[in-house]
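J.: So here's entry_13.pdb (PDB, C-alpha atoms).
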ATOM      1  CA  MET A   1      67.327 118.602 123.018  1.00  0.00           C
ATOM      2  CA  ILE A   2      67.847 114.867 123.453  1.00  0.00           C
ATOM      3  CA  LEU A   3      69.737 113.752 126.535  1.00  0.00           C
ATOM      4  CA  THR A   4      71.054 110.263 127.237  1.00  0.00           C
ATOM      5  CA  ASN A   5      73.549 108.847 129.673  1.00  0.00           C
ATOM      6  CA  ILE A   6      74.868 106.278 127.209  1.00  0.00           C
ATOM      7  CA  GLU A   7      77.605 106.924 124.700  1.00  0.00           C
ATOM      8  CA  ALA A   8      75.318 107.196 121.710  1.00  0.00           C
ATOM      9  CA  ILE A   9      71.733 107.776 120.815  1.00  0.00           C
ATOM     10  CA  PRO A  10      70.302 104.448 119.693  1.00  0.00           C
ATOM     11  CA  SER A  11      69.269 104.307 116.021  1.00  0.00           C
ATOM     12  CA  ARG A  12      70.622 107.821 115.384  1.00  0.00           C
ATOM     13  CA  LYS A  13      73.897 108.873 113.868  1.00  0.00           C
ATOM     14  CA  ILE A  14      76.139 111.472 115.477  1.00  0.00           C
ATOM     15  CA  VAL A  15      77.497 113.853 112.844  1.00  0.00           C
ATOM     16  CA  GLU A  16      79.422 116.357 114.934  1.00  0.00           C
ATOM     17  CA  HIS A  17      81.003 116.572 118.390  1.00  0.00           C
ATOM     18  CA  PHE A  18      81.212 119.828 120.330  1.00  0.00           C
ATOM     19  CA  GLY A  19      83.017 118.699 123.460  1.00  0.00           C
ATOM     20  CA  LEU A  20      82.087 118.964 127.094  1.00  0.00           C
ATOM     21  CA  VAL A  21      79.145 120.995 128.325  1.00  0.00           C
ATOM     22  CA  CYS A  22      78.196 121.378 131.957  1.00  0.00           C
ATOM     23  CA  GLY A  23      75.792 123.094 134.283  1.00  0.00           C
ATOM     24  CA  SER A  24      75.887 123.575 138.006  1.00  0.00           C
ATOM     25  CA  THR A  25      73.971 125.170 140.798  1.00  0.00           C
ATOM     26  CA  VAL A  26      74.679 125.638 144.478  1.00  0.00           C
ATOM     27  CA  ARG A  27      71.683 125.617 146.763  1.00  0.00           C
ATOM     28  CA  ALA A  28      71.251 126.279 150.418  1.00  0.00           C
ATOM     29  CA  LYS A  29      68.373 124.825 152.349  1.00  0.00           C
ATOM     30  CA  ASN A  30      65.545 126.881 153.709  1.00  0.00           C
ATOM     31  CA  ALA A  31      65.870 127.466 157.449  1.00  0.00           C
ATOM     32  CA  PHE A  32      62.096 127.186 157.925  1.00  0.00           C
ATOM     33  CA  LYS A  33      61.896 123.928 156.079  1.00  0.00           C
ATOM     34  CA  ASP A  34      64.812 122.816 158.180  1.00  0.00           C
ATOM     35  CA  ILE A  35      62.725 123.059 161.341  1.00  0.00           C
ATOM     36  CA  GLY A  36      60.351 120.503 159.841  1.00  0.00           C
ATOM     37  CA  ALA A  37      63.338 118.384 158.875  1.00  0.00           C
ATOM     38  CA  GLY A  38      64.528 118.567 162.481  1.00  0.00           C
ATOM     39  CA  PHE A  39      61.268 116.968 163.607  1.00  0.00           C
ATOM     40  CA  LYS A  40      61.590 114.382 160.896  1.00  0.00           C
ATOM     41  CA  ASN A  41      64.964 113.430 162.325  1.00  0.00           C
ATOM     42  CA  ILE A  42      63.153 112.134 165.398  1.00  0.00           C
ATOM     43  CA  VAL A  43      60.638 109.934 163.601  1.00  0.00           C
ATOM     44  CA  GLY A  44      62.564 109.262 160.394  1.00  0.00           C
ATOM     45  CA  GLY A  45      61.210 108.923 156.900  1.00  0.00           C
ATOM     46  CA  GLU A  46      61.330 110.874 153.726  1.00  0.00           C
ATOM     47  CA  LEU A  47      62.034 114.612 153.719  1.00  0.00           C
ATOM     48  CA  LYS A  48      59.660 115.605 150.948  1.00  0.00           C
ATOM     49  CA  SER A  49      60.627 119.278 150.955  1.00  0.00           C
ATOM     50  CA  TYR A  50      64.280 118.375 150.425  1.00  0.00           C
ATOM     51  CA  THR A  51      63.444 115.885 147.697  1.00  0.00           C
ATOM     52  CA  ALA A  52      61.528 118.614 145.873  1.00  0.00           C
ATOM     53  CA  LEU A  53      64.319 121.131 146.439  1.00  0.00           C
ATOM     54  CA  MET A  54      66.982 118.800 145.059  1.00  0.00           C
ATOM     55  CA  GLU A  55      64.854 117.901 142.073  1.00  0.00           C
ATOM     56  CA  GLU A  56      64.159 121.516 141.219  1.00  0.00           C
ATOM     57  CA  SER A  57      67.835 122.462 141.583  1.00  0.00           C
ATOM     58  CA  ARG A  58      68.918 119.553 139.433  1.00  0.00           C
ATOM     59  CA  ARG A  59      66.480 120.594 136.739  1.00  0.00           C
ATOM     60  CA  GLN A  60      68.043 124.036 136.794  1.00  0.00           C
ATOM     61  CA  ALA A  61      71.538 122.594 136.387  1.00  0.00           C
ATOM     62  CA  VAL A  62      70.315 120.531 133.431  1.00  0.00           C
ATOM     63  CA  GLU A  63      68.712 123.610 131.882  1.00  0.00           C
ATOM     64  CA  ARG A  64      72.004 125.491 132.147  1.00  0.00           C
ATOM     65  CA  MET A  65      73.807 122.638 130.461  1.00  0.00           C
ATOM     66  CA  GLU A  66      71.194 122.563 127.690  1.00  0.00           C
ATOM     67  CA  GLN A  67      71.579 126.286 127.127  1.00  0.00           C
ATOM     68  CA  GLN A  68      75.316 125.907 126.749  1.00  0.00           C
ATOM     69  CA  ALA A  69      74.825 123.092 124.257  1.00  0.00           C
ATOM     70  CA  GLN A  70      72.301 125.131 122.296  1.00  0.00           C
ATOM     71  CA  GLN A  71      74.739 128.009 121.982  1.00  0.00           C
ATOM     72  CA  LEU A  72      77.244 125.619 120.453  1.00  0.00           C
ATOM     73  CA  GLY A  73      74.682 124.464 117.924  1.00  0.00           C
ATOM     74  CA  ALA A  74      74.175 121.000 119.344  1.00  0.00           C
ATOM     75  CA  ASN A  75      70.869 119.203 119.373  1.00  0.00           C
ATOM     76  CA  ALA A  76      71.717 116.378 121.769  1.00  0.00           C
ATOM     77  CA  ILE A  77      73.893 115.642 124.782  1.00  0.00           C
ATOM     78  CA  VAL A  78      75.271 112.159 125.323  1.00  0.00           C
ATOM     79  CA  ASN A  79      76.965 110.518 128.282  1.00  0.00           C
ATOM     80  CA  VAL A  80      75.353 112.795 130.847  1.00  0.00           C
ATOM     81  CA  ARG A  81      76.601 112.350 134.408  1.00  0.00           C
ATOM     82  CA  PHE A  82      75.334 113.825 137.659  1.00  0.00           C
ATOM     83  CA  SER A  83      77.399 114.651 140.663  1.00  0.00           C
ATOM     84  CA  THR A  84      76.339 116.038 144.033  1.00  0.00           C
ATOM     85  CA  SER A  85      78.562 117.277 146.800  1.00  0.00           C
ATOM     86  CA  ASN A  86      78.005 118.772 150.162  1.00  0.00           C
ATOM     87  CA  ILE A  87      80.296 121.782 149.929  1.00  0.00           C
ATOM     88  CA  ALA A  88      79.400 123.554 153.157  1.00  0.00           C
ATOM     89  CA  GLN A  89      77.103 122.944 156.050  1.00  0.00           C
ATOM     90  CA  GLY A  90      73.625 123.313 154.622  1.00  0.00           C
ATOM     91  CA  ALA A  91      74.670 123.921 151.026  1.00  0.00           C
ATOM     92  CA  ALA A  92      75.010 121.433 148.212  1.00  0.00           C
ATOM     93  CA  GLU A  93      76.349 121.714 144.722  1.00  0.00           C
ATOM     94  CA  LEU A  94      74.570 119.901 141.936  1.00  0.00           C
ATOM     95  CA  TYR A  95      76.693 119.415 138.889  1.00  0.00           C
ATOM     96  CA  VAL A  96      75.793 117.852 135.577  1.00  0.00           C
ATOM     97  CA  TYR A  97      78.034 117.337 132.578  1.00  0.00           C
ATOM     98  CA  GLY A  98      77.997 115.619 129.216  1.00  0.00           C
ATOM     99  CA  THR A  99      79.182 115.715 125.625  1.00  0.00           C
ATOM    100  CA  ALA A 100      77.322 117.966 123.218  1.00  0.00           C
ATOM    101  CA  VAL A 101      76.752 116.442 119.809  1.00  0.00           C
ATOM    102  CA  ARG A 102      74.712 117.019 116.689  1.00  0.00           C
ATOM    103  CA  ILE A 103      72.637 114.156 115.381  1.00  0.00           C
ATOM    104  CA  GLU A 104      70.973 113.672 112.025  1.00  0.00           C
TER     105      GLU A 104
ATOM    106  CA  MET B   1      66.615 113.625 185.456  1.00  0.00           C
ATOM    107  CA  GLY B   2      64.505 115.807 183.147  1.00  0.00           C
ATOM    108  CA  ASP B   3      67.022 115.357 180.379  1.00  0.00           C
ATOM    109  CA  LEU B   4      66.942 111.615 180.769  1.00  0.00           C
ATOM    110  CA  ILE B   5      63.140 111.503 180.529  1.00  0.00           C
ATOM    111  CA  TYR B   6      63.293 113.727 177.463  1.00  0.00           C
ATOM    112  CA  LEU B   7      65.861 111.388 175.873  1.00  0.00           C
ATOM    113  CA  ILE B   8      63.782 108.297 176.641  1.00  0.00           C
ATOM    114  CA  ILE B   9      60.690 109.942 175.139  1.00  0.00           C
ATOM    115  CA  LEU B  10      62.641 110.822 171.994  1.00  0.00           C
ATOM    116  CA  ILE B  11      63.961 107.281 171.654  1.00  0.00           C
ATOM    117  CA  GLY B  12      60.503 105.840 172.261  1.00  0.00           C
ATOM    118  CA  VAL B  13      58.812 108.123 169.747  1.00  0.00           C
ATOM    119  CA  GLY B  14      61.600 107.440 167.259  1.00  0.00           C
ATOM    120  CA  TYR B  15      61.293 103.709 167.722  1.00  0.00           C
ATOM    121  CA  PHE B  16      57.525 103.381 167.496  1.00  0.00           C
ATOM    122  CA  ILE B  17      56.795 105.915 164.783  1.00  0.00           C
ATOM    123  CA  GLY B  18      60.007 105.099 162.919  1.00  0.00           C
ATOM    124  CA  THR B  19      59.153 101.396 162.770  1.00  0.00           C
ATOM    125  CA  GLN B  20      55.621 102.197 161.590  1.00  0.00           C
ATOM    126  CA  VAL B  21      56.886 104.554 158.903  1.00  0.00           C
ATOM    127  CA  GLU B  22      59.410 101.984 157.713  1.00  0.00           C
ATOM    128  CA  LYS B  23      56.825  99.184 157.538  1.00  0.00           C
ATOM    129  CA  LYS B  24      54.418 101.371 155.593  1.00  0.00           C
ATOM    130  CA  HIS B  25      57.150 102.497 153.234  1.00  0.00           C
ATOM    131  CA  TYR B  26      58.333  98.945 152.527  1.00  0.00           C
ATOM    132  CA  LYS B  27      54.755  97.885 151.837  1.00  0.00           C
ATOM    133  CA  SER B  28      54.252 100.666 149.325  1.00  0.00           C
ATOM    134  CA  ILE B  29      57.672  99.993 147.736  1.00  0.00           C
ATOM    135  CA  LYS B  30      56.822  96.312 147.245  1.00  0.00           C
ATOM    136  CA  GLU B  31      53.436  97.142 145.740  1.00  0.00           C
ATOM    137  CA  ARG B  32      54.889  99.608 143.279  1.00  0.00           C
ATOM    138  CA  GLU B  33      57.804  97.340 142.402  1.00  0.00           C
ATOM    139  CA  ALA B  34      55.320  94.633 141.476  1.00  0.00           C
ATOM    140  CA  LYS B  35      53.435  97.138 139.323  1.00  0.00           C
ATOM    141  CA  PHE B  36      56.583  98.131 137.411  1.00  0.00           C
ATOM    142  CA  LEU B  37      57.909  94.619 136.838  1.00  0.00           C
ATOM    143  CA  TYR B  38      57.216  94.983 133.111  1.00  0.00           C
ATOM    144  CA  LEU B  39      59.888  97.665 132.793  1.00  0.00           C
ATOM    145  CA  PRO B  40      63.397  96.214 133.024  1.00  0.00           C
ATOM    146  CA  VAL B  41      66.226  98.364 134.334  1.00  0.00           C
ATOM    147  CA  VAL B  42      69.759  97.371 133.378  1.00  0.00           C
ATOM    148  CA  SER B  43      73.164  98.808 134.112  1.00  0.00           C
ATOM    149  CA  SER B  44      74.583  97.930 130.721  1.00  0.00           C
ATOM    150  CA  GLU B  45      74.876 100.489 127.940  1.00  0.00           C
ATOM    151  CA  ASN B  46      73.796  98.320 125.064  1.00  0.00           C
ATOM    152  CA  LEU B  47      70.497  96.864 124.077  1.00  0.00           C
ATOM    153  CA  LEU B  48      70.511  93.126 124.573  1.00  0.00           C
ATOM    154  CA  GLU B  49      68.456  92.524 121.452  1.00  0.00           C
ATOM    155  CA  GLU B  50      68.425  94.170 118.055  1.00  0.00           C
ATOM    156  CA  LYS B  51      65.614  96.688 118.068  1.00  0.00           C
ATOM    157  CA  VAL B  52      64.842  99.864 116.207  1.00  0.00           C
ATOM    158  CA  VAL B  53      64.659 102.676 118.706  1.00  0.00           C
ATOM    159  CA  ASN B  54      62.106 105.410 118.347  1.00  0.00           C
ATOM    160  CA  GLU B  55      63.100 107.623 121.240  1.00  0.00           C
ATOM    161  CA  ALA B  56      65.723 107.720 123.974  1.00  0.00           C
ATOM    162  CA  ARG B  57      65.794 110.196 126.811  1.00  0.00           C
ATOM    163  CA  LEU B  58      67.369 110.799 130.175  1.00  0.00           C
ATOM    164  CA  VAL B  59      65.217 110.099 133.220  1.00  0.00           C
ATOM    165  CA  TYR B  60      66.048 110.530 136.877  1.00  0.00           C
ATOM    166  CA  GLY B  61      64.448 110.052 140.245  1.00  0.00           C
ATOM    167  CA  ASN B  62      65.570 111.076 143.696  1.00  0.00           C
ATOM    168  CA  ALA B  63      64.655 110.613 147.322  1.00  0.00           C
ATOM    169  CA  VAL B  64      65.913 112.289 150.483  1.00  0.00           C
ATOM    170  CA  ILE B  65      65.536 110.111 153.515  1.00  0.00           C
ATOM    171  CA  SER B  66      66.246 110.783 157.148  1.00  0.00           C
ATOM    172  CA  THR B  67      67.103 108.507 160.016  1.00  0.00           C
ATOM    173  CA  ASP B  68      64.998 108.385 163.169  1.00  0.00           C
ATOM    174  CA  TYR B  69      66.244 109.093 166.669  1.00  0.00           C
ATOM    175  CA  PHE B  70      66.239 105.449 167.740  1.00  0.00           C
ATOM    176  CA  LYS B  71      68.357 104.446 164.755  1.00  0.00           C
ATOM    177  CA  SER B  72      70.801 107.274 165.391  1.00  0.00           C
ATOM    178  CA  ILE B  73      71.305 106.060 168.946  1.00  0.00           C
ATOM    179  CA  LEU B  74      71.662 102.461 167.751  1.00  0.00           C
ATOM    180  CA  ALA B  75      74.253 103.525 165.188  1.00  0.00           C
ATOM    181  CA  GLY B  76      76.034 105.570 167.833  1.00  0.00           C
ATOM    182  CA  LEU B  77      76.354 102.461 170.006  1.00  0.00           C
ATOM    183  CA  ARG B  78      77.553 100.490 166.996  1.00  0.00           C
ATOM    184  CA  ASN B  79      80.285 103.056 166.532  1.00  0.00           C
ATOM    185  CA  LEU B  80      81.822 101.951 169.806  1.00  0.00           C
ATOM    186  CA  LEU B  81      82.155  98.319 168.833  1.00  0.00           C
ATOM    187  CA  GLY B  82      82.201  98.486 165.080  1.00  0.00           C
ATOM    188  CA  GLY B  83      80.466  96.094 162.751  1.00  0.00           C
ATOM    189  CA  GLU B  84      77.417  96.101 160.587  1.00  0.00           C
ATOM    190  CA  VAL B  85      74.934  98.945 161.098  1.00  0.00           C
ATOM    191  CA  SER B  86      71.769  97.275 159.839  1.00  0.00           C
ATOM    192  CA  ALA B  87      69.606 100.212 160.957  1.00  0.00           C
ATOM    193  CA  PHE B  88      71.213 102.393 158.297  1.00  0.00           C
ATOM    194  CA  GLU B  89      71.274  99.611 155.735  1.00  0.00           C
ATOM    195  CA  THR B  90      67.499  99.419 155.603  1.00  0.00           C
ATOM    196  CA  LEU B  91      67.332 103.197 155.480  1.00  0.00           C
ATOM    197  CA  LEU B  92      69.513 103.433 152.377  1.00  0.00           C
ATOM    198  CA  ASP B  93      67.832 100.414 150.839  1.00  0.00           C
ATOM    199  CA  ARG B  94      64.488 102.203 151.134  1.00  0.00           C
ATOM    200  CA  ALA B  95      65.856 105.403 149.642  1.00  0.00           C
ATOM    201  CA  ARG B  96      67.464 103.592 146.728  1.00  0.00           C
ATOM    202  CA  ARG B  97      64.422 101.541 145.862  1.00  0.00           C
ATOM    203  CA  GLU B  98      62.249 104.631 146.145  1.00  0.00           C
ATOM    204  CA  ALA B  99      64.545 106.587 143.795  1.00  0.00           C
ATOM    205  CA  ILE B 100      64.493 103.782 141.219  1.00  0.00           C
ATOM    206  CA  LEU B 101      60.705 103.599 141.450  1.00  0.00           C
ATOM    207  CA  ARG B 102      60.415 107.335 140.842  1.00  0.00           C
ATOM    208  CA  LEU B 103      62.687 106.981 137.830  1.00  0.00           C
ATOM    209  CA  LYS B 104      60.405 104.264 136.494  1.00  0.00           C
ATOM    210  CA  GLU B 105      57.350 106.435 137.099  1.00  0.00           C
ATOM    211  CA  LYS B 106      58.918 109.145 134.964  1.00  0.00           C
ATOM    212  CA  ALA B 107      59.714 106.662 132.201  1.00  0.00           C
ATOM    213  CA  GLN B 108      56.179 105.376 131.779  1.00  0.00           C
ATOM    214  CA  GLY B 109      55.607 103.640 128.469  1.00  0.00           C
ATOM    215  CA  ALA B 110      59.319 102.967 127.955  1.00  0.00           C
ATOM    216  CA  ASP B 111      60.479  99.474 126.978  1.00  0.00           C
ATOM    217  CA  ILE B 112      63.784  99.377 128.823  1.00  0.00           C
ATOM    218  CA  ILE B 113      65.989 101.654 130.927  1.00  0.00           C
ATOM    219  CA  LEU B 114      69.669 101.478 130.054  1.00  0.00           C
ATOM    220  CA  ASN B 115      72.762 102.394 132.010  1.00  0.00           C
ATOM    221  CA  LEU B 116      71.223 102.920 135.420  1.00  0.00           C
ATOM    222  CA  ARG B 117      73.504 104.821 137.762  1.00  0.00           C
ATOM    223  CA  VAL B 118      72.816 105.316 141.441  1.00  0.00           C
ATOM    224  CA  GLU B 119      74.626 107.809 143.570  1.00  0.00           C
ATOM    225  CA  THR B 120      74.312 108.788 147.191  1.00  0.00           C
ATOM    226  CA  CYS B 121      75.180 112.036 148.891  1.00  0.00           C
ATOM    227  CA  ARG B 122      74.869 113.033 152.496  1.00  0.00           C
ATOM    228  CA  ILE B 123      73.113 116.373 152.544  1.00  0.00           C
ATOM    229  CA  SER B 124      72.925 117.204 156.208  1.00  0.00           C
ATOM    230  CA  GLN B 125      74.928 116.648 159.343  1.00  0.00           C
ATOM    231  CA  THR B 126      71.967 115.141 161.139  1.00  0.00           C
ATOM    232  CA  GLY B 127      71.769 111.986 159.097  1.00  0.00           C
ATOM    233  CA  SER B 128      69.764 112.605 155.960  1.00  0.00           C
ATOM    234  CA  SER B 129      71.017 111.394 152.623  1.00  0.00           C
ATOM    235  CA  GLU B 130      69.931 111.883 149.070  1.00  0.00           C
ATOM    236  CA  VAL B 131      69.873 109.051 146.596  1.00  0.00           C
ATOM    237  CA  LEU B 132      69.751 109.845 142.900  1.00  0.00           C
ATOM    238  CA  ALA B 133      69.059 107.248 140.232  1.00  0.00           C
ATOM    239  CA  TYR B 134      69.382 108.062 136.562  1.00  0.00           C
ATOM    240  CA  GLY B 135      69.341 106.233 133.294  1.00  0.00           C
ATOM    241  CA  THR B 136      68.260 106.350 129.678  1.00  0.00           C
ATOM    242  CA  ALA B 137      64.673 105.378 128.927  1.00  0.00           C
ATOM    243  CA  VAL B 138      64.409 103.689 125.543  1.00  0.00           C
ATOM    244  CA  TYR B 139      61.213 103.432 123.499  1.00  0.00           C
ATOM    245  CA  TYR B 140      61.177 100.883 120.697  1.00  0.00           C
ATOM    246  CA  LYS B 141      59.596 101.537 117.346  1.00  0.00           C
ATOM    247  CA  LYS B 142      56.336  99.634 117.361  1.00  0.00           C
TER     248      LYS B 142
END
Would you kindly transcribe this structure into structure tokens?

T.:
Amino acid sequence: MILTNIEAIPSRKIVEHFGLVCGSTVRAKNAFKDIGAGFKNIVGGELKSYTALMEESRRQAVERMEQQAQQLGANAIVNVRFSTSNIAQGAAELYVYGTAVRIE
Amino acid sequence: MGDLIYLIILIGVGYFIGTQVEKKHYKSIKEREAKFLYLPVVSSENLLEEKVVNEARLVYGNAVISTDYFKSILAGLRNLLGGEVSAFETLLDRARREAILRLKEKAQGADIILNLRVETCRISQTGSSEVLAYGTAVYYKK
């Protein structure tokens, strides 16, 4: 599965469009990791556990989108966009969407 | 009185360690930015020159960064008068540059990164934000 966030795949020809595909996941943070994050809020800096958590969740959202595209018979997704929103205290939704296409 | 001492300790710890952490982070960012100078990142969708492309793929990098206690207090004071909150500006600048560097690390060997998008989301009430950078890594046919 080829993913790009531009409207085409350079040097390849799109032969069929399948419309929008998307994947999402809602994740809550780990209360134990949050204690560490509380300390970090005093000294500042990067919250490595959260970075890893967000990355892993985003990968899952992308996988879900890829699965949906595969079911449609696509072999690429163009114009992929990410969106993150804080939907409740301590929970975030990671959403990814794009256009499933078939390339030569 | 106890509370006040506790507060002063928190501010002091936040200030000294926070400043150290920021200095160290900026140093490492500058070093890595110099290392990745060969890989241009553009926000346009099209290749600027005619090239045959071998491979194109999505790459992304993220960073979650948190404010320190001293900066929170500083920003709180700023809220009274309004104006520029430079303490948070450097914080987001660090997170953004870090996210772009991670994206570049994932795109090693690429010739150019097209259509870079950067988005920011606040993920906790206490002042930590996530920055996500994503784009399309393009590899030319050699």

J.: Can you spell out as a ChimeraX atom specification the set of residues that the ChimeraX specification (/B :<7) & /A selects in the structure I just provided?

T.: /A:2-6,9-11,40-47,50-51,84-86,90,92

J.: In Å, rounded to a single decimal, give me how far atom CA of Val101 of chain A is from atom CA of Glu7 of chain A.

T.: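 Calculated distance between atom CA of Glu7 of chain A and atom CA of Val101 of chain A is 10.7 Å.
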
J.: What's the 6 Å shell around segment 59-70 of chain A, counting only C-alpha atoms, without same-chain residues fewer than 6 positions away, as a list of chain:residue names?

T.: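 In the requested form, the answer reads A:Val21, A:Cys22, A:Gly23, A:Ser24, A:Thr25, A:Ala100.
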
J.: Which is closest to Arg58 of chain A among A:Leu72, A:Val96, A:Ala28, A:Val80, if we use all atoms listed in the file?

T.: A:Val96

J.: To one decimal place in Å, what is the distance between atom CA of Asp111 of chain B and atom CA of Arg12 of chain A?

T.: 17.5 Å

J.: With the input short on atoms, add N, CA and C atoms back to segment 115-141 of chain B and write it as a PDB file, keeping the file's coordinate frame.

T.:
ATOM      1  N   ASN B 115      71.692 101.706 131.297  1.00  0.00           N
ATOM      2  CA  ASN B 115      72.762 102.394 132.010  1.00  0.00           C
ATOM      3  C   ASN B 115      72.299 103.089 133.294  1.00  0.00           C
ATOM      4  N   LEU B 116      71.674 102.339 134.156  1.00  0.00           N
ATOM      5  CA  LEU B 116      71.223 102.920 135.420  1.00  0.00           C
ATOM      6  C   LEU B 116      72.418 103.219 136.319  1.00  0.00           C
ATOM      7  N   ARG B 117      72.462 104.431 136.810  1.00  0.00           N
ATOM      8  CA  ARG B 117      73.504 104.821 137.762  1.00  0.00           C
ATOM      9  C   ARG B 117      72.816 105.274 139.043  1.00  0.00           C
ATOM     10  N   VAL B 118      73.382 104.892 140.153  1.00  0.00           N
ATOM     11  CA  VAL B 118      72.816 105.316 141.441  1.00  0.00           C
ATOM     12  C   VAL B 118      73.913 106.004 142.223  1.00  0.00           C
ATOM     13  N   GLU B 119      73.628 107.181 142.713  1.00  0.00           N
ATOM     14  CA  GLU B 119      74.626 107.809 143.570  1.00  0.00           C
ATOM     15  C   GLU B 119      74.005 108.363 144.834  1.00  0.00           C
ATOM     16  N   THR B 120      74.799 108.399 145.873  1.00  0.00           N
ATOM     17  CA  THR B 120      74.312 108.788 147.191  1.00  0.00           C
ATOM     18  C   THR B 120      75.127 109.970 147.688  1.00  0.00           C
ATOM     19  N   CYS B 121      74.462 110.900 148.336  1.00  0.00           N
ATOM     20  CA  CYS B 121      75.180 112.036 148.891  1.00  0.00           C
ATOM     21  C   CYS B 121      74.555 112.401 150.227  1.00  0.00           C
ATOM     22  N   ARG B 122      75.387 112.616 151.203  1.00  0.00           N
ATOM     23  CA  ARG B 122      74.869 113.033 152.496  1.00  0.00           C
ATOM     24  C   ARG B 122      74.604 114.528 152.432  1.00  0.00           C
ATOM     25  N   ILE B 123      73.387 114.952 152.712  1.00  0.00           N
ATOM     26  CA  ILE B 123      73.113 116.373 152.544  1.00  0.00           C
ATOM     27  C   ILE B 123      72.970 117.122 153.851  1.00  0.00           C
ATOM     28  N   SER B 124      72.949 116.431 154.973  1.00  0.00           N
ATOM     29  CA  SER B 124      72.925 117.204 156.208  1.00  0.00           C
ATOM     30  C   SER B 124      73.677 116.461 157.297  1.00  0.00           C
ATOM     31  N   GLN B 125      74.110 117.212 158.272  1.00  0.00           N
ATOM     32  CA  GLN B 125      74.928 116.648 159.343  1.00  0.00           C
ATOM     33  C   GLN B 125      74.120 115.693 160.209  1.00  0.00           C
ATOM     34  N   THR B 126      72.794 115.883 160.190  1.00  0.00           N
ATOM     35  CA  THR B 126      71.967 115.141 161.139  1.00  0.00           C
ATOM     36  C   THR B 126      71.560 113.754 160.651  1.00  0.00           C
ATOM     37  N   GLY B 127      72.043 113.353 159.508  1.00  0.00           N
ATOM     38  CA  GLY B 127      71.769 111.986 159.097  1.00  0.00           C
ATOM     39  C   GLY B 127      70.748 111.831 157.990  1.00  0.00           C
ATOM     40  N   SER B 128      70.617 112.844 157.126  1.00  0.00           N
ATOM     41  CA  SER B 128      69.764 112.605 155.960  1.00  0.00           C
ATOM     42  C   SER B 128      70.631 112.520 154.707  1.00  0.00           C
ATOM     43  N   SER B 129      70.243 111.631 153.834  1.00  0.00           N
ATOM     44  CA  SER B 129      71.017 111.394 152.623  1.00  0.00           C
ATOM     45  C   SER B 129      70.106 111.471 151.414  1.00  0.00           C
ATOM     46  N   GLU B 130      70.692 111.877 150.308  1.00  0.00           N
ATOM     47  CA  GLU B 130      69.931 111.883 149.070  1.00  0.00           C
ATOM     48  C   GLU B 130      70.428 110.765 148.185  1.00  0.00           C
ATOM     49  N   VAL B 131      69.504 110.062 147.575  1.00  0.00           N
ATOM     50  CA  VAL B 131      69.873 109.051 146.596  1.00  0.00           C
ATOM     51  C   VAL B 131      69.314 109.489 145.250  1.00  0.00           C
ATOM     52  N   LEU B 132      70.171 109.483 144.251  1.00  0.00           N
ATOM     53  CA  LEU B 132      69.751 109.845 142.900  1.00  0.00           C
ATOM     54  C   LEU B 132      69.951 108.641 141.998  1.00  0.00           C
ATOM     55  N   ALA B 133      68.936 108.326 141.215  1.00  0.00           N
ATOM     56  CA  ALA B 133      69.059 107.248 140.232  1.00  0.00           C
ATOM     57  C   ALA B 133      68.794 107.845 138.865  1.00  0.00           C
ATOM     58  N   TYR B 134      69.654 107.560 137.908  1.00  0.00           N
ATOM     59  CA  TYR B 134      69.382 108.062 136.562  1.00  0.00           C
ATOM     60  C   TYR B 134      69.765 107.057 135.497  1.00  0.00           C
ATOM     61  N   GLY B 135      69.107 107.175 134.376  1.00  0.00           N
ATOM     62  CA  GLY B 135      69.341 106.233 133.294  1.00  0.00           C
ATOM     63  C   GLY B 135      68.706 106.743 132.011  1.00  0.00           C
ATOM     64  N   THR B 136      68.821 105.961 130.970  1.00  0.00           N
ATOM     65  CA  THR B 136      68.260 106.350 129.678  1.00  0.00           C
ATOM     66  C   THR B 136      67.047 105.477 129.370  1.00  0.00           C
ATOM     67  N   ALA B 137      65.895 106.113 129.270  1.00  0.00           N
ATOM     68  CA  ALA B 137      64.673 105.378 128.927  1.00  0.00           C
ATOM     69  C   ALA B 137      64.623 105.208 127.423  1.00  0.00           C
ATOM     70  N   VAL B 138      64.417 103.974 126.976  1.00  0.00           N
ATOM     71  CA  VAL B 138      64.409 103.689 125.543  1.00  0.00           C
ATOM     72  C   VAL B 138      63.023 103.214 125.124  1.00  0.00           C
ATOM     73  N   TYR B 139      62.518 103.817 124.054  1.00  0.00           N
ATOM     74  CA  TYR B 139      61.213 103.432 123.499  1.00  0.00           C
ATOM     75  C   TYR B 139      61.457 102.781 122.137  1.00  0.00           C
ATOM     76  N   TYR B 140      60.995 101.571 121.971  1.00  0.00           N
ATOM     77  CA  TYR B 140      61.177 100.883 120.697  1.00  0.00           C
ATOM     78  C   TYR B 140      60.163 101.371 119.674  1.00  0.00           C
ATOM     79  N   LYS B 141      60.553 101.231 118.426  1.00  0.00           N
ATOM     80  CA  LYS B 141      59.596 101.537 117.346  1.00  0.00           C
ATOM     81  C   LYS B 141      58.603 100.389 117.269  1.00  0.00           C
TER      82      LYS B 141
END
